[in-house]
file model.cif (mmCIF, C-alpha atoms)
data_run
loop_
_atom_site.label_atom_id
_atom_site.label_comp_id
_atom_site.auth_asym_id
_atom_site.auth_seq_id
_atom_site.Cartn_x
_atom_site.Cartn_y
_atom_site.Cartn_z
CA LEU M 239 2.79 -15.41 6.87
CA ALA M 240 4.67 -12.10 6.67
CA VAL M 241 7.93 -13.66 7.91
CA PHE M 242 7.60 -16.52 5.43
CA ALA M 243 6.79 -14.10 2.58
CA VAL M 244 9.79 -11.88 3.34
CA SER M 245 12.13 -14.87 3.67
CA PHE M 246 10.81 -16.35 0.42
CA ASN M 247 11.31 -13.08 -1.46
CA VAL M 248 14.85 -12.62 -0.16
CA PHE M 249 15.69 -16.14 -1.37
CA VAL M 250 13.91 -15.86 -4.75
CA HIS M 251 14.09 -12.15 -5.64
CA GLY M 252 17.04 -11.02 -3.55
CA LYS M 253 15.06 -8.40 -1.60
CA PRO M 254 12.23 -8.59 0.97
CA MET M 255 9.62 -6.50 -0.86
CA ASN M 256 8.87 -5.22 -4.32
CA PHE M 257 9.34 -1.56 -3.49
CA GLY M 258 7.79 0.79 -6.05
CA ILE M 259 9.35 3.94 -7.46
CA ASP M 260 7.92 5.96 -4.56
CA PHE M 261 10.61 4.31 -2.42
CA THR M 262 13.34 3.33 -4.86
CA GLY M 263 13.21 6.23 -7.31
CA GLY M 264 12.20 6.10 -10.97
CA ALA M 265 10.70 8.05 -13.85
CA LEU M 266 7.38 9.80 -14.39
CA LEU M 267 6.22 10.42 -17.97
CA ASN M 268 3.07 12.33 -18.90
CA LEU M 269 2.27 11.82 -22.59
CA ARG M 270 -0.42 13.31 -24.82
CA PHE M 271 -1.44 11.43 -27.95
CA GLU M 272 -3.21 12.84 -31.02
CA LYS M 273 -5.97 10.23 -30.67
CA PRO M 274 -7.36 8.25 -27.70
CA VAL M 275 -5.22 5.21 -26.87
CA SER M 276 -5.72 2.37 -24.40
CA VAL M 277 -3.51 1.45 -21.47
CA GLY M 278 -3.08 -2.00 -23.02
CA GLU M 279 -1.51 -0.54 -26.18
CA VAL M 280 1.05 1.37 -24.15
CA ARG M 281 1.77 -1.60 -21.88
CA ARG M 282 2.51 -3.86 -24.87
CA ILE M 283 5.27 -1.47 -25.94
CA LEU M 284 6.71 -1.28 -22.41
CA ASP M 285 6.66 -5.09 -22.20
CA ASN M 286 9.26 -5.12 -24.98
CA TYR M 287 11.62 -3.32 -22.58
CA LYS M 288 10.75 -5.52 -19.56
CA LEU M 289 8.76 -2.67 -18.03
CA GLY M 290 5.45 -4.51 -17.85
CA GLU M 291 5.04 -3.78 -14.12
CA SER M 292 5.03 -0.03 -14.70
CA VAL M 293 2.00 1.91 -13.48
CA ILE M 294 0.09 3.21 -16.51
CA GLN M 295 -2.96 5.44 -16.07
CA LYS M 296 -5.19 7.52 -18.29
CA SER M 297 -5.12 11.07 -16.94
CA GLY M 298 -7.41 12.48 -19.64
CA GLU M 299 -9.03 11.53 -22.93
CA LEU M 300 -5.71 11.84 -24.77
CA ASP M 301 -3.23 11.76 -21.87
CA ILE M 302 -1.35 8.77 -20.46
CA LEU M 303 0.66 8.83 -17.23
CA ILE M 304 3.51 6.32 -16.88
CA ARG M 305 5.34 5.64 -13.60
CA THR M 306 8.26 3.30 -14.06
CA ILE M 307 11.80 2.52 -12.94
CA ALA M 308 14.63 4.90 -13.81
CA LEU M 309 15.22 4.92 -17.58
CA GLU M 310 18.50 5.49 -19.36
CA GLY M 311 18.44 8.21 -21.98
CA GLU M 312 18.70 5.82 -24.94
CA THR M 313 16.02 3.50 -23.55
CA ARG M 314 13.57 6.37 -23.07
CA VAL M 315 14.23 7.65 -26.59
CA ASN M 316 13.59 4.18 -28.05
CA ILE M 317 10.35 3.80 -26.06
CA MET M 318 9.08 7.20 -27.22
CA LYS M 319 10.00 6.36 -30.81
CA GLU M 320 8.20 3.00 -30.72
CA LEU M 321 5.12 4.51 -29.06
CA ASN M 322 5.07 7.22 -31.70
CA GLU M 323 5.30 4.68 -34.55
CA LYS M 324 3.03 1.89 -33.26
CA VAL M 325 0.50 3.65 -31.00
CA GLY M 326 0.23 7.21 -32.33
CA ASN M 327 1.87 10.60 -32.52
CA LEU M 328 2.61 11.91 -29.05
CA GLU M 329 3.82 14.92 -27.16
CA ILE M 330 5.78 14.70 -23.89
CA LEU M 331 4.01 16.99 -21.42
CA GLU M 332 6.15 16.09 -18.43
CA ALA M 333 9.23 13.96 -17.76
CA ASP M 334 10.33 13.89 -14.13
CA VAL M 335 12.82 11.78 -12.21
CA ILE M 336 12.11 10.60 -8.66
CA GLY M 337 15.48 10.17 -6.99
CA PRO M 338 16.29 7.65 -4.25
CA THR M 339 16.69 10.53 -1.77
CA ILE M 340 12.97 11.32 -2.08
CA GLY M 341 12.29 7.60 -1.77
CA ARG M 342 14.14 7.45 1.56
CA GLU M 343 12.23 10.50 2.78
CA LEU M 344 8.91 8.85 1.92
CA SER M 345 9.99 5.68 3.75
CA THR M 346 10.77 7.74 6.86
CA GLN M 347 7.44 9.57 6.63
CA ALA M 348 5.53 6.29 6.23
CA LEU M 349 7.15 4.79 9.34
CA LEU M 350 6.55 8.03 11.25
CA ALA M 351 2.87 7.95 10.26
CA LEU M 352 2.54 4.39 11.58
CA LEU M 353 4.26 5.34 14.84
CA ILE M 354 2.07 8.41 15.40
CA ALA M 355 -1.08 6.41 14.63
CA SER M 356 -0.05 3.71 17.12
CA LEU M 357 0.66 6.23 19.90
CA GLY M 358 -2.65 7.96 19.25
CA ILE M 359 -4.52 4.66 19.48
CA ILE M 360 -2.80 3.73 22.75
CA ALA M 361 -3.65 7.14 24.27
CA TYR M 362 -7.28 7.07 23.09
CA VAL M 363 -8.08 3.51 24.17
CA SER M 364 -6.24 3.95 27.50
CA LEU M 365 -8.34 7.02 28.32
CA ARG M 366 -11.61 5.44 27.25
CA PHE M 367 -10.96 1.99 28.70
CA GLU M 368 -7.70 0.75 30.28
CA PHE M 369 -4.08 0.49 29.20
CA LYS M 370 -4.32 -3.31 28.84
CA TYR M 371 -7.22 -2.80 26.44
CA ALA M 372 -5.05 -0.40 24.45
CA LEU M 373 -2.30 -3.01 24.09
CA ALA M 374 -4.85 -5.64 23.03
CA ALA M 375 -6.32 -3.25 20.45
CA LEU M 376 -2.88 -2.44 19.09
CA LEU M 377 -1.99 -6.12 18.76
CA ALA M 378 -5.29 -6.80 16.98
CA LEU M 379 -4.88 -4.04 14.41
CA TYR M 380 -1.23 -4.85 13.75
CA HIS M 381 -2.28 -8.46 13.25
CA ASP M 382 -4.65 -7.29 10.48
CA ALA M 383 -2.01 -5.03 8.94
CA ILE M 384 0.72 -7.70 9.06
CA ILE M 385 -1.51 -10.36 7.47
CA THR M 386 -2.43 -7.97 4.65
CA THR M 387 1.20 -6.97 4.16
CA GLY M 388 2.24 -10.63 4.11
CA ILE M 389 -0.22 -11.40 1.30
CA ILE M 390 0.93 -8.41 -0.78
CA VAL M 391 4.60 -9.28 -0.20
CA LEU M 392 4.06 -12.95 -1.06
CA LEU M 393 2.27 -12.02 -4.31
CA TRP M 394 5.20 -9.68 -5.12
CA ARG M 395 2.91 -6.71 -5.63
CA SER M 396 4.42 -3.24 -5.78
CA VAL M 397 4.78 -1.54 -2.39
CA ASN M 398 4.24 2.20 -2.76
CA ILE M 399 2.50 5.17 -1.13
CA PRO M 400 -1.05 3.97 -2.01
CA PHE M 401 -0.16 0.69 -0.27
CA VAL M 402 0.87 2.58 2.89
CA ALA M 403 -2.40 4.54 2.71
CA ALA M 404 -4.32 1.25 2.38
CA ILE M 405 -2.58 -0.22 5.45
CA LEU M 406 -3.41 2.90 7.49
CA THR M 407 -7.03 2.60 6.33
CA ILE M 408 -7.14 -1.04 7.44
CA MET M 409 -5.72 -0.03 10.81
CA GLY M 410 -8.41 2.64 11.13
CA TYR M 411 -11.25 0.21 10.42
CA SER M 412 -9.66 -2.41 12.65
CA ILE M 413 -9.45 -0.14 15.69
CA ASN M 414 -13.02 1.06 15.09
CA ASP M 415 -14.26 -2.55 15.12
CA THR M 416 -12.20 -3.32 18.23
CA ILE M 417 -13.57 -0.28 20.12
CA ILE M 418 -17.15 -1.42 19.41
CA ILE M 419 -16.35 -4.89 20.75
CA PHE M 420 -14.65 -3.46 23.86
CA ASP M 421 -17.65 -1.22 24.52
CA ARG M 422 -20.08 -4.14 24.35
CA LEU M 423 -17.75 -6.21 26.52
CA ARG M 424 -17.70 -3.48 29.17
CA GLU M 425 -21.52 -3.34 29.13
CA ASN M 426 -21.83 -7.10 29.54
CA LEU M 427 -19.36 -7.22 32.44
CA LYS M 428 -21.72 -4.98 34.43
CA LYS M 429 -24.80 -7.18 33.87
CA PRO M 430 -25.79 -9.40 36.85
CA ASN M 431 -26.53 -12.44 34.67
CA TYR M 432 -22.93 -12.36 33.37
CA ALA M 433 -21.34 -12.25 36.84
CA LYS M 434 -20.82 -16.00 37.15
CA LYS M 435 -19.51 -16.47 33.63
CA LYS M 436 -15.82 -16.76 32.78
CA PHE M 437 -14.20 -13.74 31.14
CA SER M 438 -13.39 -15.82 28.04
CA GLU M 439 -17.07 -16.77 27.69
CA ILE M 440 -18.14 -13.13 27.92
CA VAL M 441 -15.58 -12.21 25.26
CA ASN M 442 -16.90 -14.92 22.93
#
call {"tool": "encode", "arguments": {"input": "model.cif", "output": "structure tokens"}}
result
Amino acid sequence: LAVFAVSFNVFVHGKPMNFGIDFTGGALLNLRFEKPVSVGEVRRILDNYKLGESVIQKSGELDILIRTIALEGETRVNIMKELNEKVGNLEILEADVIGPTIGRELSTQALLALLIASLGIIAYVSLRFEFKYALAALLALYHDAIITTGIIVLLWRSVNIPFVAAILTIMGYSINDTIIIFDRLRENLKKPNYAKKKFSEIVN
């Protein structure tokens, strides 16, 4: 699924994944309006500039946080002007730029986190069970992570730091489930009434 999704995206979109601004760089705008506004009102304005996929969050009763792709000076001025006219008077509390250098650093950190987690799992399962169990556990959890990634990639959802955190969470739950199964398997292998059964039957 993941291979198909990546190949499909390269053919259709020209890149394997829809990397968010955490990886590609972009703009962060923190706005405060005079009256409460909805996320939908702000998104309608951004849609006019083909920025509908931007992350828009309420960070307070009057505050709106916008994470979007890098904006040219004129484009940002026009967006602020239209928001001010059609949504309500606003004040810019924060306007930051996330450069591609930071994006590359986050990519490296994400891959490093996955590597460290994998090595930790191999060491833990090898000590508690056997090395072959550790490899099986690693294959099982990467299977879960790859399937999830394939679905997200195929749906062209934004890949950002929360996505990486979600994948690590899935891996954590997956290895926990696998350890429980391995523990029960080890118990059953020691039972006399299981001695004549095939290993595959005991696993099932």
call {"tool": "residues_around", "arguments": {"input": "model.cif", "residues": "Leu423 of chain M", "least_positions_apart": "6", "cutoff": "12 Å", "atoms": "all atoms listed in the file", "output": "list of chain:residue names"}}
result
M:Phe367, M:Tyr371, M:Thr416, M:Ile417, M:Lys429, M:Tyr432, M:Phe437, M:Ser438, M:Glu439, M:Ile440, M:Val441, M:Asn442
call {"tool": "resolve_selection", "arguments": {"input": "model.cif", "expression": "the PyMOL selection byres ((chain M and resi 261) around 7)", "output": "PyMOL selection string"}}
result
chain M and resi 257-260+262-263+338+341-342+344-345+398
call {"tool": "closest_atom_pairs", "arguments": {"input": "model.cif", "of": "segment 361-414 of chain M", "to": "segment 286-304 of chain M", "cutoff": "12 Å", "atoms": "only C-alpha atoms", "output": "Markdown table"}}
result
| residue | atom | partner | partner_atom | distance |
| --- | --- | --- | --- | --- |
| M:Trp394 | CA | M:Glu291 | CA | 10.8 |
| M:Arg395 | CA | M:Glu291 | CA | 9.2 |
| M:Ser396 | CA | M:Glu291 | CA | 8.4 |
| M:Val397 | CA | M:Val293 | CA | 11.9 |
| M:Asn398 | CA | M:Val293 | CA | 11.0 |
call {"tool": "resolve_selection", "arguments": {"input": "model.cif", "expression": "the PyMOL selection byres ((chain M and resi 336) around 6)", "output": "ChimeraX atom specification"}}
result
/M:263-265,335,337
call {"tool": "closest_residue", "arguments": {"input": "model.cif", "among": "M:Leu392, M:Ile413, M:Ala351, M:Val277", "to": "Ala372 of chain M", "atoms": "only C-alpha atoms"}}
result
M:Ile413
call {"tool": "residues_around", "arguments": {"input": "model.cif", "residues": "Thr386 of chain M", "least_positions_apart": "4", "cutoff": "10 Å", "atoms": "only C-alpha atoms", "output": "list in words"}}
result
Leu239, Ala240, Tyr380, His381, Asp382, Ile390, Val391, Leu392, Ala404, Ile405 and Ile408 of chain M
call {"tool": "write_last_selection", "arguments": {"input": "model.cif", "atoms": "C-alpha atoms", "output": "PDB file, keeping the file's coordinate frame"}}
result
ATOM      1  CA  LEU M 239       2.790 -15.410   6.870  1.00  0.00           C
ATOM      2  CA  ALA M 240       4.670 -12.100   6.670  1.00  0.00           C
ATOM      3  CA  TYR M 380      -1.230  -4.850  13.750  1.00  0.00           C
ATOM      4  CA  HIS M 381      -2.280  -8.460  13.250  1.00  0.00           C
ATOM      5  CA  ASP M 382      -4.650  -7.290  10.480  1.00  0.00           C
ATOM      6  CA  ILE M 390       0.930  -8.410  -0.780  1.00  0.00           C
ATOM      7  CA  VAL M 391       4.600  -9.280  -0.200  1.00  0.00           C
ATOM      8  CA  LEU M 392       4.060 -12.950  -1.060  1.00  0.00           C
ATOM      9  CA  ALA M 404      -4.320   1.250   2.380  1.00  0.00           C
ATOM     10  CA  ILE M 405      -2.580  -0.220   5.450  1.00  0.00           C
ATOM     11  CA  ILE M 408      -7.140  -1.040   7.440  1.00  0.00           C
TER      12      ILE M 408
END
call {"tool": "decode", "arguments": {"input": "model.cif", "residues": "segment 387-404 of chain M", "atoms": "N, CA, C and O atoms", "output": "tab-separated table (two decimals), in the first residue's frame"}}
result
chain	number	residue	atom	x	y	z
M	387	THR	N	1.04	4.86	7.47
M	387	THR	CA	1.68	5.87	6.63
M	387	THR	C	1.15	5.80	5.20
M	387	THR	O	0.89	6.84	4.58
M	388	GLY	N	0.97	4.59	4.69
M	388	GLY	CA	0.46	4.42	3.33
M	388	GLY	C	-0.91	5.04	3.15
M	388	GLY	O	-1.19	5.69	2.14
M	389	ILE	N	-1.78	4.88	4.15
M	389	ILE	CA	-3.13	5.46	4.08
M	389	ILE	C	-3.06	6.98	4.08
M	389	ILE	O	-3.73	7.65	3.28
M	390	ILE	N	-2.24	7.54	4.99
M	390	ILE	CA	-2.10	8.99	5.07
M	390	ILE	C	-1.53	9.56	3.78
M	390	ILE	O	-1.98	10.59	3.26
M	391	VAL	N	-0.52	8.87	3.23
M	391	VAL	CA	0.12	9.32	1.99
M	391	VAL	C	-0.87	9.25	0.84
M	391	VAL	O	-0.95	10.18	0.02
M	392	LEU	N	-1.62	8.16	0.75
M	392	LEU	CA	-2.58	7.99	-0.34
M	392	LEU	C	-3.68	9.04	-0.30
M	392	LEU	O	-4.14	9.53	-1.34
M	393	LEU	N	-4.10	9.41	0.92
M	393	LEU	CA	-5.14	10.44	1.07
M	393	LEU	C	-4.59	11.86	0.94
M	393	LEU	O	-5.34	12.83	1.03
M	394	TRP	N	-3.26	11.96	0.73
M	394	TRP	CA	-2.57	13.24	0.56
M	394	TRP	C	-2.78	14.17	1.75
M	394	TRP	O	-2.99	15.37	1.62
M	395	ARG	N	-2.73	13.58	2.94
M	395	ARG	CA	-2.82	14.38	4.15
M	395	ARG	C	-1.45	14.98	4.46
M	395	ARG	O	-0.41	14.44	4.07
M	396	SER	N	-1.45	16.07	5.19
M	396	SER	CA	-0.19	16.74	5.52
M	396	SER	C	0.65	15.90	6.47
M	396	SER	O	0.15	15.38	7.47
M	397	VAL	N	1.93	15.76	6.13
M	397	VAL	CA	2.87	15.01	6.97
M	397	VAL	C	3.71	16.03	7.75
M	397	VAL	O	4.48	16.79	7.17
M	398	ASN	N	3.51	16.03	9.07
M	398	ASN	CA	4.21	17.00	9.91
M	398	ASN	C	4.63	16.35	11.22
M	398	ASN	O	4.55	15.13	11.38
M	399	ILE	N	5.07	17.14	12.18
M	399	ILE	CA	5.56	16.61	13.45
M	399	ILE	C	4.46	15.84	14.22
M	399	ILE	O	4.75	14.77	14.76
M	400	PRO	N	3.22	16.34	14.30
M	400	PRO	CA	2.18	15.53	14.95
M	400	PRO	C	2.00	14.16	14.30
M	400	PRO	O	1.70	13.17	14.99
M	401	PHE	N	2.19	14.08	12.97
M	401	PHE	CA	2.10	12.79	12.28
M	401	PHE	C	3.21	11.86	12.76
M	401	PHE	O	2.97	10.67	13.02
M	402	VAL	N	4.43	12.38	12.88
M	402	VAL	CA	5.55	11.56	13.37
M	402	VAL	C	5.26	11.08	14.79
M	402	VAL	O	5.51	9.92	15.13
M	403	ALA	N	4.72	11.97	15.62
M	403	ALA	CA	4.37	11.59	17.00
M	403	ALA	C	3.31	10.49	17.00
M	403	ALA	O	3.37	9.56	17.81
M	404	ALA	N	2.35	10.58	16.07
M	404	ALA	CA	1.30	9.56	15.98
M	404	ALA	C	1.88	8.21	15.57
M	404	ALA	O	1.49	7.16	16.12
